[in-house]
Amino acid sequence: MSGHEKFNFKNKDEFLAKGSSLGAGIPFSDDIGALFEPLTVAGKRLPNRLAIQPMEGADAGPGGAPGELTFRRYQRFAASGCGLIWFEAAAVTENGKSNPSQLLLARNTLDGFRRLVEKTRNTARKSLGPNYSPVLILQLTHSGRFSKPQGAPAPIIAQPNPYLDPRPKLPLDFPLISDQELDDLQEVYAEAARMALETGFDGVDIKACHGYLVSELLAAREREGSPYGGSYQNRARFILETAQKIRVRVPEIIIASRLGVYDAISYPYGFGVDRNDPLRHDLSEPKAIVRRLKDIGLDLLNITIGIPASKPHYGRPFDKPVSGAAMPDEHPLTGIARLLQIAAEMQQEFPALPVVGTGYSWLRQFFPQVGAGVIKSGGSSLIGIGRLALAYPDFARDLMDNGALNPKKVCLTCSGCSELLRAGQPAGCVVRDKRVYQNR
Ligand SMILES: Cc1cc2nc3c(=O)[nH]c(=O)nc-3n(C[C@H](O)[C@H](O)[C@H](O)COP(=O)(O)O)c2cc1C
């Protein structure tokens, strides 16, 4: 296995040489025009292929309504010029919050969400003209085993998991969320979708990734004697029935899902893993689920992999891990190649379904060329940008105006934003936006 290295390329040739010496097979196109081809998603026209990925800011105000820093983040994203803004994980229940300052979508926070959507749309128009209207998706979540509504772990689990239980130190007989609670939770998601439409979002994402409750259910092979556990049909039940309820009750809304298609923990506890080798993915179940979701009316798919609590570098390749975490024995380009290849496998299975790809921030000023290469080769329809957007929110604008990114403004993948989030602090870029985030 190739060892980890920091980003250290002075120019494109050095970058490409490293990629080929690793055999990474990362697409690359000097012509970045493909990023600015419009795309239609569920009848809505996106002006380009750039998307902001969902990123929790842990900066909600009282009751889980968007706070001052939430407004600031989305105004900065709105001014960027991206075709799609995928709003961060908003909890659908108080006990499913990942930290006390996570957004909570509920009747008493609706006004705040409504203002957030309005301000985002107004800022977008002011910045890029009256016809610029990015598609806005809200991610709906229940944090499951990672719930910390009061700041201390208060796990809600679908099945025991020896790979993830040691962290909150759960006993073997820790109670599981009941079938009745899961039935009720489907209703809560459907109601949340209705509220999201009321506040002006174009769509909702049934978040099913990173080990949170809905993704844990996809791998709940050890949840015995439950209609939500064991067989593939049972494990897929929650997401499919929830999508169906949303489609029937809120027919106008875009249904999206951020799907973790490869958990990278051993069978039977991981979703999308090869039965005999957790280091290999097996996308047959993820593909089967997407096929069913498409029949129900899935409009948009966002592909991610890994569980941050287990292998953070799988989903978020970095130069430096969060403090206390081990440095991975893998070159970040190898990790990015894995992410791109898996997203491409999903996109190629469903060529007509817009797929958002993930994992571009480590590439810094080369992400546009890689993104354009990915689109041209059919590897995904949209290029999703996470941490780099916190560091450099006007990246899309710079690309439009100058055809290139400014290397002095890119994300350094130092994990500072992840550390803030882990500590339950408002999350943002501690390097490029240090006036706001450095001393928190
Ligand atoms: C501070 C922070 C918060 C995040 N919050 C979310 C979230 O709310 N929902 C989600 O699906 N992913 C979340 N992620 C993961 C990102 O969406 C993205 O997948 C990841 O950062 C890799 O993309 P990048 O290399 O462009 O940063 C978060 C990442 C960071 C750094």
# chains A, B, ... in the order shown; residues from 1 in each chain; ligands from 1
call {"tool": "closest_atom_pairs", "arguments": {"of": "chain A", "to": "ligand 1", "cutoff": "6 Å", "atoms": "only C-alpha atoms and all ligand atoms", "output": "JSON lines"}}
result
{"residue": "A:Gln53", "atom": "CA", "partner": "ligand 1", "partner_atom_place_in_ligand_line": "17 (O)", "distance": 4.6}
{"residue": "A:Pro54", "atom": "CA", "partner": "ligand 1", "partner_atom_place_in_ligand_line": "17 (O)", "distance": 4.5}
{"residue": "A:Met55", "atom": "CA", "partner": "ligand 1", "partner_atom_place_in_ligand_line": "5 (N)", "distance": 3.2}
{"residue": "A:Glu56", "atom": "CA", "partner": "ligand 1", "partner_atom_place_in_ligand_line": "5 (N)", "distance": 3.9}
{"residue": "A:Glu88", "atom": "CA", "partner": "ligand 1", "partner_atom_place_in_ligand_line": "8 (O)", "distance": 4.1}
{"residue": "A:Ala89", "atom": "CA", "partner": "ligand 1", "partner_atom_place_in_ligand_line": "8 (O)", "distance": 3.9}
{"residue": "A:Gly315", "atom": "CA", "partner": "ligand 1", "partner_atom_place_in_ligand_line": "22 (C)", "distance": 5.5}
{"residue": "A:Arg316", "atom": "CA", "partner": "ligand 1", "partner_atom_place_in_ligand_line": "22 (C)", "distance": 4.2}
{"residue": "A:Thr358", "atom": "CA", "partner": "ligand 1", "partner_atom_place_in_ligand_line": "23 (O)", "distance": 5.3}
{"residue": "A:Gly359", "atom": "CA", "partner": "ligand 1", "partner_atom_place_in_ligand_line": "25 (O)", "distance": 3.6}
{"residue": "A:Tyr360", "atom": "CA", "partner": "ligand 1", "partner_atom_place_in_ligand_line": "25 (O)", "distance": 4.6}
{"residue": "A:Ser361", "atom": "CA", "partner": "ligand 1", "partner_atom_place_in_ligand_line": "25 (O)", "distance": 3.9}
{"residue": "A:Trp362", "atom": "CA", "partner": "ligand 1", "partner_atom_place_in_ligand_line": "25 (O)", "distance": 5.8}
{"residue": "A:Ile385", "atom": "CA", "partner": "ligand 1", "partner_atom_place_in_ligand_line": "26 (O)", "distance": 4.1}
{"residue": "A:Gly386", "atom": "CA", "partner": "ligand 1", "partner_atom_place_in_ligand_line": "26 (O)", "distance": 3.3}
{"residue": "A:Arg387", "atom": "CA", "partner": "ligand 1", "partner_atom_place_in_ligand_line": "27 (O)", "distance": 3.8}
{"residue": "A:Leu388", "atom": "CA", "partner": "ligand 1", "partner_atom_place_in_ligand_line": "26 (O)", "distance": 6.0}
{"residue": "A:Cys417", "atom": "CA", "partner": "ligand 1", "partner_atom_place_in_ligand_line": "1 (C)", "distance": 4.7}
{"residue": "A:Ser418", "atom": "CA", "partner": "ligand 1", "partner_atom_place_in_ligand_line": "1 (C)", "distance": 4.5}
{"residue": "A:Leu421", "atom": "CA", "partner": "ligand 1", "partner_atom_place_in_ligand_line": "1 (C)", "distance": 5.6}
{"residue": "A:Ala427", "atom": "CA", "partner": "ligand 1", "partner_atom_place_in_ligand_line": "1 (C)", "distance": 5.5}
call {"tool": "residues_around", "arguments": {"residues": "Lys294 of chain A", "least_positions_apart": "6", "cutoff": "12 Å", "atoms": "only C-alpha atoms", "output": "JSON, numbers by chain"}}
result
{"A": [240, 243, 244, 247, 254, 255, 256, 257, 287, 288, 300, 301, 349, 350, 351, 352, 353, 354]}
call {"tool": "closest_atom_pairs", "arguments": {"of": "segment 377-408 of chain A", "to": "segment 337-347 of chain A", "cutoff": "9 Å", "atoms": "only C-alpha atoms", "output": "JSON lines"}}
result
{"residue": "A:Ser377", "atom": "CA", "partner": "A:Ala344", "partner_atom": "CA", "distance": 8.8}
{"residue": "A:Gly378", "atom": "CA", "partner": "A:Ala344", "partner_atom": "CA", "distance": 7.0}
{"residue": "A:Gly379", "atom": "CA", "partner": "A:Ala344", "partner_atom": "CA", "distance": 4.0}
{"residue": "A:Ser380", "atom": "CA", "partner": "A:Gln347", "partner_atom": "CA", "distance": 5.6}
{"residue": "A:Ser381", "atom": "CA", "partner": "A:Gln347", "partner_atom": "CA", "distance": 7.8}
call {"tool": "write_last_selection", "arguments": {"atoms": "C-alpha atoms", "output": "PDB file, in the first residue's frame"}}
result
ATOM      1  CA  SER A 377     -16.063  10.472 -18.842  1.00  0.00           C
ATOM      2  CA  GLY A 378     -19.566   9.944 -17.440  1.00  0.00           C
ATOM      3  CA  GLY A 379     -18.285   9.499 -13.874  1.00  0.00           C
ATOM      4  CA  SER A 380     -20.940  11.761 -12.336  1.00  0.00           C
ATOM      5  CA  SER A 381     -23.252  14.592 -13.359  1.00  0.00           C
TER       6      SER A 381
END
call {"tool": "atom_distance", "arguments": {"atom1": "atom CA of Val355 of chain A", "atom2": "atom CA of Pro27 of chain A"}}
result
16.5 Å
call {"tool": "closest_residue", "arguments": {"among": "A:Gly129, A:Glu187, A:Arg73, A:Tyr314", "to": "Ala391 of chain A", "atoms": "only C-alpha atoms"}}
result
A:Arg73
call {"tool": "closest_residue", "arguments": {"among": "A:Tyr262, A:Arg292, A:Lys434, A:Asn276", "to": "Arg237 of chain A", "atoms": "only C-alpha atoms"}}
result
A:Arg292
call {"tool": "select_by_dssp", "arguments": {"residues": "segment 110-179 of chain A", "states": "alpha helix (DSSP H)", "output": "count of residues only"}}
result
20
call {"tool": "closest_residue", "arguments": {"among": "A:Gly384, A:Asp165, A:Gln102, A:Phe238", "to": "Glu181 of chain A", "atoms": "only C-alpha atoms"}}
result
A:Phe238
call {"tool": "closest_residue", "arguments": {"among": "A:Gly428, A:Gly33, A:Gly23, A:Pro321", "to": "Val370 of chain A", "atoms": "only C-alpha atoms"}}
result
A:Gly33
call {"tool": "residues_around", "arguments": {"residues": "Asn406 of chain A", "least_positions_apart": "2", "cutoff": "12 Å", "atoms": "only C-alpha atoms", "output": "list in words"}}
result
Arg364, Gln365, Phe366, Phe367, Pro368, Leu388, Ala391, Tyr392, Pro393, Asp394, Phe395, Ala396, Arg397, Asp398, Leu399, Asp401, Asn402, Gly403, Ala404, Lys408, Lys409, Val410 and Cys411 of chain A
call {"tool": "closest_residue", "arguments": {"among": "A:Phe271, A:Phe201, A:Phe36, A:Tyr228", "to": "Leu110 of chain A", "atoms": "only C-alpha atoms"}}
result
A:Phe201
call {"tool": "decode", "arguments": {"residues": "segment 21-104 of chain A", "atoms": "C-alpha atoms", "output": "short mmCIF file (atom, residue, chain, number, x, y, z; two decimals), in the first residue's frame"}}
result
data_model
loop_
_atom_site.label_atom_id
_atom_site.label_comp_id
_atom_site.auth_asym_id
_atom_site.auth_seq_id
_atom_site.Cartn_x
_atom_site.Cartn_y
_atom_site.Cartn_z
CA SER A 21 2.80 6.52 -10.34
CA LEU A 22 0.02 5.44 -7.96
CA GLY A 23 -2.01 3.99 -10.84
CA ALA A 24 -4.89 6.05 -9.51
CA GLY A 25 -6.63 6.59 -12.88
CA ILE A 26 -8.03 9.99 -11.93
CA PRO A 27 -9.72 11.71 -14.90
CA PHE A 28 -8.32 15.13 -15.85
CA SER A 29 -9.37 17.64 -18.51
CA ASP A 30 -7.60 20.93 -19.24
CA ASP A 31 -10.82 22.18 -20.76
CA ILE A 32 -13.18 22.82 -17.83
CA GLY A 33 -16.15 23.80 -20.00
CA ALA A 34 -18.02 20.65 -18.93
CA LEU A 35 -18.46 22.21 -15.45
CA PHE A 36 -20.53 25.00 -16.95
CA GLU A 37 -22.95 22.94 -18.98
CA PRO A 38 -26.47 23.35 -17.60
CA LEU A 39 -28.31 20.35 -16.22
CA THR A 40 -31.99 19.74 -15.60
CA VAL A 41 -32.99 18.01 -12.37
CA ALA A 42 -36.68 17.18 -11.97
CA GLY A 43 -37.61 19.98 -14.37
CA LYS A 44 -35.41 22.59 -12.66
CA ARG A 45 -32.52 24.00 -14.63
CA LEU A 46 -29.16 24.15 -12.89
CA PRO A 47 -26.85 26.72 -14.47
CA ASN A 48 -23.75 24.57 -13.97
CA ARG A 49 -22.44 21.28 -12.56
CA LEU A 50 -21.00 22.65 -9.34
CA ALA A 51 -22.65 21.75 -6.03
CA ILE A 52 -21.97 22.67 -2.42
CA GLN A 53 -21.99 19.52 -0.30
CA PRO A 54 -23.94 19.40 2.97
CA MET A 55 -21.81 20.48 5.94
CA GLU A 56 -23.13 20.81 9.46
CA GLY A 57 -22.18 24.11 11.00
CA ALA A 58 -23.29 23.44 14.61
CA ASP A 59 -24.37 27.04 14.76
CA ALA A 60 -28.14 26.90 15.19
CA GLY A 61 -29.89 29.40 17.42
CA PRO A 62 -32.46 28.62 20.11
CA GLY A 63 -34.67 25.61 19.40
CA GLY A 64 -32.57 24.54 16.40
CA ALA A 65 -33.51 27.43 14.10
CA PRO A 66 -30.78 28.78 11.80
CA GLY A 67 -28.46 31.11 13.74
CA GLU A 68 -26.39 34.13 12.75
CA LEU A 69 -23.47 32.05 11.48
CA THR A 70 -25.84 29.73 9.60
CA PHE A 71 -27.15 32.74 7.67
CA ARG A 72 -23.60 33.91 7.03
CA ARG A 73 -22.47 30.53 5.67
CA TYR A 74 -25.37 30.18 3.26
CA GLN A 75 -25.09 33.73 2.03
CA ARG A 76 -21.47 33.08 1.21
CA PHE A 77 -22.44 29.85 -0.57
CA ALA A 78 -25.27 31.63 -2.42
CA ALA A 79 -22.92 34.26 -3.76
CA SER A 80 -20.61 31.56 -5.10
CA GLY A 81 -22.54 30.77 -8.26
CA CYS A 82 -22.92 26.99 -7.76
CA GLY A 83 -25.87 25.35 -9.50
CA LEU A 84 -26.88 23.39 -6.42
CA ILE A 85 -26.64 24.07 -2.72
CA TRP A 86 -27.14 20.97 -0.59
CA PHE A 87 -28.02 22.26 2.87
CA GLU A 88 -26.53 20.50 5.86
CA ALA A 89 -28.00 17.76 8.02
CA ALA A 90 -31.06 19.11 9.81
CA ALA A 91 -32.41 16.79 12.51
CA VAL A 92 -36.02 15.67 12.23
CA THR A 93 -36.32 14.94 15.97
CA GLU A 94 -34.73 16.54 19.02
CA ASN A 95 -33.28 13.22 20.24
CA GLY A 96 -31.67 12.63 16.82
CA LYS A 97 -29.50 15.76 16.95
CA SER A 98 -25.75 15.23 16.62
CA ASN A 99 -25.02 18.15 18.93
CA PRO A 100 -27.05 20.76 20.83
CA SER A 101 -26.50 23.32 18.05
CA GLN A 102 -27.57 21.21 15.09
CA LEU A 103 -30.42 22.57 12.99
CA LEU A 104 -33.81 21.06 13.83
#
